[in-house]
Amino acid sequence: MKGRPLRFTPRRDAGLHAYERVLEHAGFSPVAGVDEAGRGACAGPMVVGAVILQGGRGRIDGLTDSKMLTPARREELYDEITRRAYAWSAVVIPCHDIDRIGLHRCNIAGMRRALAALDKRPAYVLSDGFPVPGLDVPGLPMIKGDQVAACVAAASIVAKVTRDRIMVELHERYPEYGFDLHKGYVTRAHGKALSVHGPCPEHRFSYVNVGRALRNNGEVALEEETEGEVPGEGRTEGARA
């Protein structure tokens with residue numbers, strides 16, 4: 001292995017690019033970040049993003065946890081990331097896979113798929129929250145990784161913007177739920193819509209609140225016919241800058 005051994009953890013005040021700098025100095029280059037969006041929602045897909053950033057002058061200012069950014073700023077950064085990143089990908093995991101396989105297994109499998117979809121093979125992986133078993137390169141799970149590592153922050157933005165766009169599309173199909181506003185997360189307005197209308201096919205039926213709404217509203221939602229392709233279902237996208 002070229003480079004110096006990795007002997008320390010960067011300080012929190014060393015900046016978002018510190019982990020990538022240390023890993024590259026130790027011979028691990030390029031470094032990929034991976035994160036998800038939609039894990040806590042009860043409707044819609046989960047989306048996993050993976051990003052390898054350019055070093056040096058290719059760094060992107062303003063990266064942070066996607067949830068701490070305004071929607072407009074997320075869109076701006078998404079455009080910059082997908083234009084300037086060395087490689088990026090987004091994997092869409094539909095709600096029925098989450099019901100069938102389980103949330104955590106879908107999350108881990110989605111991270112592996114997103115990393116495999118990158119045009120460039122990473123030498124090291126930084127993941128938000130959970131380790132990613134089964135990779136042929138070393139990795140490090142990070143608590144609040146989207147707040148301490150630039151590539152993870154970029155991955156969180158790619159995942160969040162991709163998912164938000166899908167939820168806006170789903171709002172056009174199911175306007176009674178307000179997916180364009182709460183994006184499928186559990187809010188008071190979403191809970192009220194569930195109690196009145198029952199769940200739609202894009203809800204996660206393995207979730208307690210959705211199951212309760214289904215029982216209270218009968219089996220109509222399960223029998224509803226859906227025409228056309230569900231936005232984003234099973235999609236993998238990505239590109240190299």
# chains A, B, ... in the order shown; residues from 1 in each chain; ligands from 1
$ residues_around --residues "Ile101 (chain A)" --least-positions-apart "6" --cutoff "12 Å" --atoms "only C-alpha atoms" --output "list in words"
Ile93, Pro94, Cys95, Asn107, Ile108, Ala109, Gly110, Arg204 and Ser206 of chain A
$ closest_atom_pairs --of "region 110-166 of chain A" --to "region 33-50 of chain A" --cutoff "7 Å" --atoms "only C-alpha atoms" --output "JSON lines"
{"residue": "A:Gly110", "atom": "CA", "partner": "A:Val48", "partner_atom": "CA", "distance": 5.9}
{"residue": "A:Met111", "atom": "CA", "partner": "A:Val48", "partner_atom": "CA", "distance": 6.1}
{"residue": "A:Ala114", "atom": "CA", "partner": "A:Ala50", "partner_atom": "CA", "distance": 5.6}
{"residue": "A:Leu115", "atom": "CA", "partner": "A:Ala50", "partner_atom": "CA", "distance": 5.9}
{"residue": "A:Val125", "atom": "CA", "partner": "A:Gly33", "partner_atom": "CA", "distance": 5.9}
{"residue": "A:Leu126", "atom": "CA", "partner": "A:Gly33", "partner_atom": "CA", "distance": 4.8}
{"residue": "A:Ser127", "atom": "CA", "partner": "A:Val34", "partner_atom": "CA", "distance": 5.0}
{"residue": "A:Asp128", "atom": "CA", "partner": "A:Asp35", "partner_atom": "CA", "distance": 5.4}
{"residue": "A:Cys151", "atom": "CA", "partner": "A:Gly33", "partner_atom": "CA", "distance": 4.5}
{"residue": "A:Val152", "atom": "CA", "partner": "A:Gly33", "partner_atom": "CA", "distance": 4.1}
{"residue": "A:Ala155", "atom": "CA", "partner": "A:Gly49", "partner_atom": "CA", "distance": 4.7}
{"residue": "A:Ser156", "atom": "CA", "partner": "A:Asp35", "partner_atom": "CA", "distance": 5.1}
{"residue": "A:Val158", "atom": "CA", "partner": "A:Gly49", "partner_atom": "CA", "distance": 5.6}
{"residue": "A:Ala159", "atom": "CA", "partner": "A:Gly49", "partner_atom": "CA", "distance": 4.6}
{"residue": "A:Lys160", "atom": "CA", "partner": "A:Ala37", "partner_atom": "CA", "distance": 5.2}
{"residue": "A:Arg163", "atom": "CA", "partner": "A:Val47", "partner_atom": "CA", "distance": 6.0}
$ select_by_dssp --residues "region 48-105 of chain A" --states "strand (DSSP E)" --output "PDB file with N, CA, C and O atoms, in the first residue's frame"
ATOM      1  N   VAL A  48     -30.715   5.723  -1.851  1.00  0.00           N
ATOM      2  CA  VAL A  48     -29.340   5.695  -1.358  1.00  0.00           C
ATOM      3  C   VAL A  48     -28.450   6.385  -2.383  1.00  0.00           C
ATOM      4  O   VAL A  48     -28.500   6.068  -3.578  1.00  0.00           O
ATOM      5  N   GLY A  49     -27.651   7.350  -1.917  1.00  0.00           N
ATOM      6  CA  GLY A  49     -26.713   8.039  -2.780  1.00  0.00           C
ATOM      7  C   GLY A  49     -25.286   7.672  -2.436  1.00  0.00           C
ATOM      8  O   GLY A  49     -24.965   7.380  -1.280  1.00  0.00           O
ATOM      9  N   ALA A  50     -24.428   7.668  -3.447  1.00  0.00           N
ATOM     10  CA  ALA A  50     -22.990   7.457  -3.261  1.00  0.00           C
ATOM     11  C   ALA A  50     -22.252   8.483  -4.101  1.00  0.00           C
ATOM     12  O   ALA A  50     -22.635   8.748  -5.247  1.00  0.00           O
ATOM     13  N   VAL A  51     -21.192   9.064  -3.545  1.00  0.00           N
ATOM     14  CA  VAL A  51     -20.461  10.134  -4.232  1.00  0.00           C
ATOM     15  C   VAL A  51     -18.972   9.994  -3.976  1.00  0.00           C
ATOM     16  O   VAL A  51     -18.539   9.736  -2.844  1.00  0.00           O
ATOM     17  N   ILE A  52     -18.179  10.179  -5.033  1.00  0.00           N
ATOM     18  CA  ILE A  52     -16.734  10.378  -4.928  1.00  0.00           C
ATOM     19  C   ILE A  52     -16.466  11.798  -5.400  1.00  0.00           C
ATOM     20  O   ILE A  52     -16.777  12.154  -6.542  1.00  0.00           O
ATOM     21  N   ALA A  87     -17.470  10.828  -9.416  1.00  0.00           N
ATOM     22  CA  ALA A  87     -18.477   9.821  -9.742  1.00  0.00           C
ATOM     23  C   ALA A  87     -19.611   9.938  -8.734  1.00  0.00           C
ATOM     24  O   ALA A  87     -19.391  10.335  -7.588  1.00  0.00           O
ATOM     25  N   TRP A  88     -20.834   9.593  -9.168  1.00  0.00           N
ATOM     26  CA  TRP A  88     -21.977   9.614  -8.252  1.00  0.00           C
ATOM     27  C   TRP A  88     -23.022   8.620  -8.735  1.00  0.00           C
ATOM     28  O   TRP A  88     -23.050   8.230  -9.906  1.00  0.00           O
ATOM     29  N   SER A  89     -23.875   8.202  -7.817  1.00  0.00           N
ATOM     30  CA  SER A  89     -24.970   7.299  -8.177  1.00  0.00           C
ATOM     31  C   SER A  89     -26.109   7.475  -7.186  1.00  0.00           C
ATOM     32  O   SER A  89     -25.914   7.980  -6.074  1.00  0.00           O
ATOM     33  N   ALA A  90     -27.303   7.075  -7.600  1.00  0.00           N
ATOM     34  CA  ALA A  90     -28.479   7.070  -6.721  1.00  0.00           C
ATOM     35  C   ALA A  90     -29.287   5.820  -7.016  1.00  0.00           C
ATOM     36  O   ALA A  90     -29.570   5.524  -8.179  1.00  0.00           O
ATOM     37  N   VAL A  91     -29.633   5.085  -5.981  1.00  0.00           N
ATOM     38  CA  VAL A  91     -30.406   3.854  -6.107  1.00  0.00           C
ATOM     39  C   VAL A  91     -31.749   4.043  -5.406  1.00  0.00           C
ATOM     40  O   VAL A  91     -31.795   4.489  -4.255  1.00  0.00           O
ATOM     41  N   VAL A  92     -32.826   3.713  -6.096  1.00  0.00           N
ATOM     42  CA  VAL A  92     -34.184   3.865  -5.565  1.00  0.00           C
ATOM     43  C   VAL A  92     -34.717   2.497  -5.151  1.00  0.00           C
ATOM     44  O   VAL A  92     -34.770   1.568  -5.968  1.00  0.00           O
ATOM     45  N   ILE A  93     -35.108   2.376  -3.885  1.00  0.00           N
ATOM     46  CA  ILE A  93     -35.625   1.116  -3.343  1.00  0.00           C
ATOM     47  C   ILE A  93     -37.111   1.305  -3.063  1.00  0.00           C
ATOM     48  O   ILE A  93     -37.489   2.074  -2.164  1.00  0.00           O
TER      49      ILE A  93
END
$ closest_residue --among "A:Tyr185, A:Tyr78, A:Phe28, A:Tyr124" --to "Leu63 (chain A)" --atoms "only C-alpha atoms"
A:Tyr78
$ closest_residue --among "A:Arg105, A:His171, A:Arg59, A:Lys120" --to "Val31 (chain A)" --atoms "only C-alpha atoms"
A:Lys120
$ residues_around --residues "Phe130 (chain A)" --least-positions-apart "4" --cutoff "9 Å" --atoms "only C-alpha atoms" --output "count of residues only"
5
$ closest_residue --among "A:Ala149, A:Pro201, A:Asp136, A:Tyr86" --to "Val22 (chain A)" --atoms "only C-alpha atoms"
A:Ala149
$ residues_around --residues "Ala72 (chain A)" --least-positions-apart "4" --cutoff "12 Å" --atoms "only C-alpha atoms" --output "count of residues only"
9
$ atom_distance --atom1 "CA of Gly55 (chain A)" --atom2 "CA of Thr82 (chain A)"
14.9 Å
$ atom_distance --atom1 "CA of Thr70 (chain A)" --atom2 "CA of Tyr177 (chain A)"
22.2 Å
$ select_by_dssp --residues "chain A" --states "alpha helix (DSSP H)" --output "MDAnalysis selection string"
chainID A and resid 18:25 71:84 95:101 103:116 150:173 179:182 188:197 208:217 220:223
